[in-house]
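Colleague: Starting off with a structure, shown below.
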Amino acid sequence: MSDNLKKLTSKNPKDFEEVAYNLINTPDVALFGQLVEKEDFLFDFVKQNVAQRLEKQCNSSNYLNLLKLLKYYSPSYEDFIISTLVKYADEDLTDKMLEIFTNGTIEEKTYCAKYFSNVKDTLALDLLNKYAFDENNSLSTNCASALSKIGDKTSLNKALQMLDDNDEFTRLDGVKFLVSYGAKNTVNKIIETMKKSSMAENISGEIPYLTDLFELYENNHTDCLYVVNTILNALGEILGLSQVFDFRLYEFLEMLINSKKNSQIAAVLLNAIDKFETLTENDEYLFDETKDTKQEILDIKNLLMNADAGELYNLIDNELKPDSLFVYTALDFTEKENEVRKLISCENPTVVIRALEVLKQLDSLTEDDRQTALKNINDATIKNIVSAI
């Protein structure tokens, strides 16, 4: 870390004021690049302090210098840059931003999309729609947000069509757009897409950014519990552990513990108990996490100790049905071999395979079980899997 960067991030006004002044008024693009490069190594409160210090140096005489900083994109400093530009926005600046949006780098385009979330110029619509599904997540997110604020539905309609696409990644891109757009009226359609997707875990982590889990639970208990159960499966693997704060997972699980139980709630709570036991017993999950995230994970684990595991095990077998959204979780925790055996003749080959695996784990798998399973399976690959279990 350079001396100037150390001064900029320090607590001493005598150190950071001069550096902040020079960064904005020179402008010192290289120093700003260093600041962005070190972003992952700085605490959030340090980045917030730096943003405030830089914003304080901006005025009507030097705000155009910020355009040179657009070379380095950072979500931590985006708000101060764009809010300052918007504060002094006029037709000339908007024309400059349109030009940068057209010819600039991905980083510059990302800032520009944010600018047009605030300066709702319809001349930017073609560009916003062009990059609404860009592979750069920050750019596509800013474009979707801007289109929502402007009220343009071109990409919204496209995203809805994408949910029915055969390609899983296309579906996920459609979901991400709808979430960034803030299309709350599409929550049910997104969940239906999730139910038939092999990327359900990825989709589950998007939904709480579109609708609060408590609101979703109030509207549809089963769908909400399915979303939460899938989030639990994804935590630490696909979804970051710090997202438990965004999801308000502690509060939601606390509500379930204190509620009247049924088999679906039992599935979610048993899954949660198992997940947070795994997260806290393996250093690899928590090693790189912040102190706050580690504490939250431990707090959730301790909270779950209040659940009556015996009651939950007595209920969960009611989800051993091929059409249940919680059948795989129930199979993970059941010891009722006769109930499991009923599943091997169902038409869902994935359920059949998992049921056979569970019977094997329970040391109850017979050759008759394999033959029963094979009767309803035509796919050669799946037959080979069944025979190999």
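In the structure tokens, each chain is lettered A, B, ... as it comes, each chain's residues begin at 1, and ligands are numbered from 1 in order of appearance.
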As number ranges by chain, please: every residue in segment 41-167 of chain A that DSSP puts in alpha helix (DSSP H).
Modeller: A: 44-56, 66-69, 75-87, 91-103, 106-118, 125-130, 137-150, 154-162
Colleague: Taking 2 positions as the minimum chain separation for residues in the same chain, which residues sit within 10 Å of Asp308 of chain A when counting only C-alpha atoms? Answer as a ChimeraX atom specification.
Modeller: /A:257,266,269-270,304-306,310-313
Colleague: For segment 51-65 of chain A, list every protein, DNA or RNA residue within 6 Å, evaluated using only C-alpha atoms, and leave out those in the same chain fewer than 5 positions away; present the list as a list in words.
Modeller: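 So, after excluding close chain neighbours, the residues are Ala20, Tyr21, Tyr77 and Phe80 of chain A.
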Colleague: Atoms to include: N, CA and C atoms. Write the selected residues as a CSV table (one decimal), in the first residue's frame.
Modeller:
chain,number,residue,atom,x,y,z
A,20,ALA,N,-6.9,13.6,-0.3
A,20,ALA,CA,-8.2,13.6,-0.9
A,20,ALA,C,-8.4,14.8,-1.8
A,21,TYR,N,-7.9,16.0,-1.4
A,21,TYR,CA,-7.9,17.2,-2.2
A,21,TYR,C,-7.2,17.0,-3.5
A,77,TYR,N,-17.5,3.3,-4.4
A,77,TYR,CA,-17.3,4.7,-4.6
A,77,TYR,C,-18.2,5.2,-5.8
A,80,PHE,N,-20.9,8.0,-4.6
A,80,PHE,CA,-20.4,9.4,-4.4
A,80,PHE,C,-20.1,10.0,-5.8
Colleague: Neighbours of segment 338-346 of chain A within 9 Å (only C-alpha atoms; same-chain residues fewer than 5 positions away dropped), as number ranges by chain?
Modeller: A: 317, 320-322, 331, 351-356, 358-359, 365, 369-370, 372-376
Colleague: Which of these, A:Val227, A:Ser263, A:Leu98, A:Leu178, has the shortest distance to Glu192 of chain A once you count only C-alpha atoms?
Modeller: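 Selected residue with least distance to Glu192 of chain A: A:Val227.
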Colleague: Using only C-alpha atoms, which residues sit within 9 Å of Ile377 of chain A once same-chain residues fewer than 4 positions away are excluded, as a ChimeraX atom specification?
Modeller: /A:347,349,373,382-383
Colleague: Extract, using only C-alpha atoms, all DNA, RNA and protein residues at most 10 Å from segment 271-286 of chain A, discarding same-chain residues fewer than 6 positions from it, and format them as a CSV table (one decimal) with N, CA and C atoms, in the first residue's frame.
Modeller:
chain,number,residue,atom,x,y,z
A,228,VAL,N,-36.3,-21.0,1.1
A,228,VAL,CA,-35.4,-21.0,2.2
A,228,VAL,C,-34.6,-22.3,2.3
A,229,ASN,N,-35.3,-23.4,2.0
A,229,ASN,CA,-34.6,-24.7,2.1
A,229,ASN,C,-33.5,-24.8,1.0
A,230,THR,N,-33.8,-24.2,-0.2
A,230,THR,CA,-32.8,-24.2,-1.3
A,230,THR,C,-31.7,-23.3,-1.0
A,231,ILE,N,-32.0,-22.2,-0.3
A,231,ILE,CA,-30.9,-21.2,0.1
A,231,ILE,C,-30.0,-22.0,1.1
A,232,LEU,N,-30.5,-22.7,2.0
A,232,LEU,CA,-29.7,-23.5,3.0
A,232,LEU,C,-28.8,-24.4,2.2
A,233,ASN,N,-29.3,-25.1,1.2
A,233,ASN,CA,-28.5,-26.0,0.5
A,233,ASN,C,-27.3,-25.3,-0.2
A,234,ALA,N,-27.5,-24.0,-0.6
A,234,ALA,CA,-26.5,-23.3,-1.4
A,234,ALA,C,-25.5,-22.6,-0.5
A,235,LEU,N,-25.8,-22.3,0.7
A,235,LEU,CA,-24.9,-21.5,1.6
A,235,LEU,C,-23.6,-22.2,1.7
A,236,GLY,N,-22.5,-21.3,1.5
A,236,GLY,CA,-21.2,-21.8,1.6
A,236,GLY,C,-20.7,-22.5,0.4
A,237,GLU,N,-21.5,-22.8,-0.5
A,237,GLU,CA,-21.1,-23.5,-1.8
A,237,GLU,C,-21.3,-22.5,-3.0
A,240,GLY,N,-22.7,-16.8,-0.8
A,240,GLY,CA,-21.8,-16.4,0.3
A,240,GLY,C,-22.4,-16.4,1.6
A,241,LEU,N,-21.6,-16.7,2.7
A,241,LEU,CA,-22.2,-16.7,4.0
A,241,LEU,C,-22.6,-15.4,4.5
A,253,LEU,N,-35.5,-18.0,10.7
A,253,LEU,CA,-35.5,-19.3,11.4
A,253,LEU,C,-36.0,-19.3,12.8
A,265,ILE,N,-41.9,-27.3,7.6
A,265,ILE,CA,-41.1,-26.5,8.6
A,265,ILE,C,-40.0,-27.5,9.2
A,293,THR,N,-19.6,-11.8,10.2
A,293,THR,CA,-20.3,-13.0,9.6
A,293,THR,C,-20.0,-14.3,10.4
A,294,LYS,N,-18.8,-14.5,10.9
A,294,LYS,CA,-18.6,-15.6,11.7
A,294,LYS,C,-19.5,-15.7,13.0
A,295,GLN,N,-19.7,-14.5,13.6
A,295,GLN,CA,-20.5,-14.4,14.8
A,295,GLN,C,-22.0,-14.7,14.4
A,297,ILE,N,-23.1,-16.6,12.0
A,297,ILE,CA,-23.2,-18.0,11.7
A,297,ILE,C,-23.3,-18.8,13.0
A,298,LEU,N,-22.4,-18.5,14.0
A,298,LEU,CA,-22.5,-19.1,15.3
A,298,LEU,C,-23.8,-18.8,16.0
A,299,ASP,N,-24.2,-17.6,15.9
A,299,ASP,CA,-25.5,-17.2,16.6
A,299,ASP,C,-26.7,-18.1,16.0
A,300,ILE,N,-26.7,-18.3,14.7
A,300,ILE,CA,-27.7,-19.0,14.1
A,300,ILE,C,-27.6,-20.5,14.5
A,301,LYS,N,-26.4,-21.0,14.6
A,301,LYS,CA,-26.2,-22.4,15.1
A,301,LYS,C,-26.8,-22.5,16.5
A,302,ASN,N,-26.5,-21.6,17.3
A,302,ASN,CA,-26.9,-21.6,18.7
A,302,ASN,C,-28.4,-21.5,18.8
A,303,LEU,N,-29.0,-20.6,18.0
A,303,LEU,CA,-30.5,-20.5,17.9
A,303,LEU,C,-31.1,-21.8,17.6
A,304,LEU,N,-30.6,-22.5,16.6
A,304,LEU,CA,-31.2,-23.8,16.2
A,304,LEU,C,-31.1,-24.9,17.2
A,305,MET,N,-30.3,-24.7,18.2
A,305,MET,CA,-30.2,-25.7,19.3
A,305,MET,C,-31.5,-25.6,20.2
A,307,ALA,N,-34.5,-25.7,18.8
A,307,ALA,CA,-35.5,-26.5,18.1
A,307,ALA,C,-35.5,-27.9,18.7
A,309,ALA,N,-35.5,-31.3,18.1
A,309,ALA,CA,-35.1,-32.2,17.0
A,309,ALA,C,-36.0,-33.5,17.0
A,329,THR,N,-34.8,-33.5,1.0
A,329,THR,CA,-34.4,-33.2,2.4
A,329,THR,C,-34.9,-34.3,3.3
A,330,ALA,N,-36.2,-34.7,3.1
A,330,ALA,CA,-36.8,-35.8,3.9
A,330,ALA,C,-35.9,-37.0,3.8
A,332,ASP,N,-32.8,-37.2,3.3
A,332,ASP,CA,-31.6,-37.1,4.0
A,332,ASP,C,-31.7,-37.4,5.5
A,333,PHE,N,-32.9,-37.3,6.0
A,333,PHE,CA,-33.0,-37.4,7.5
A,333,PHE,C,-33.9,-38.6,7.9
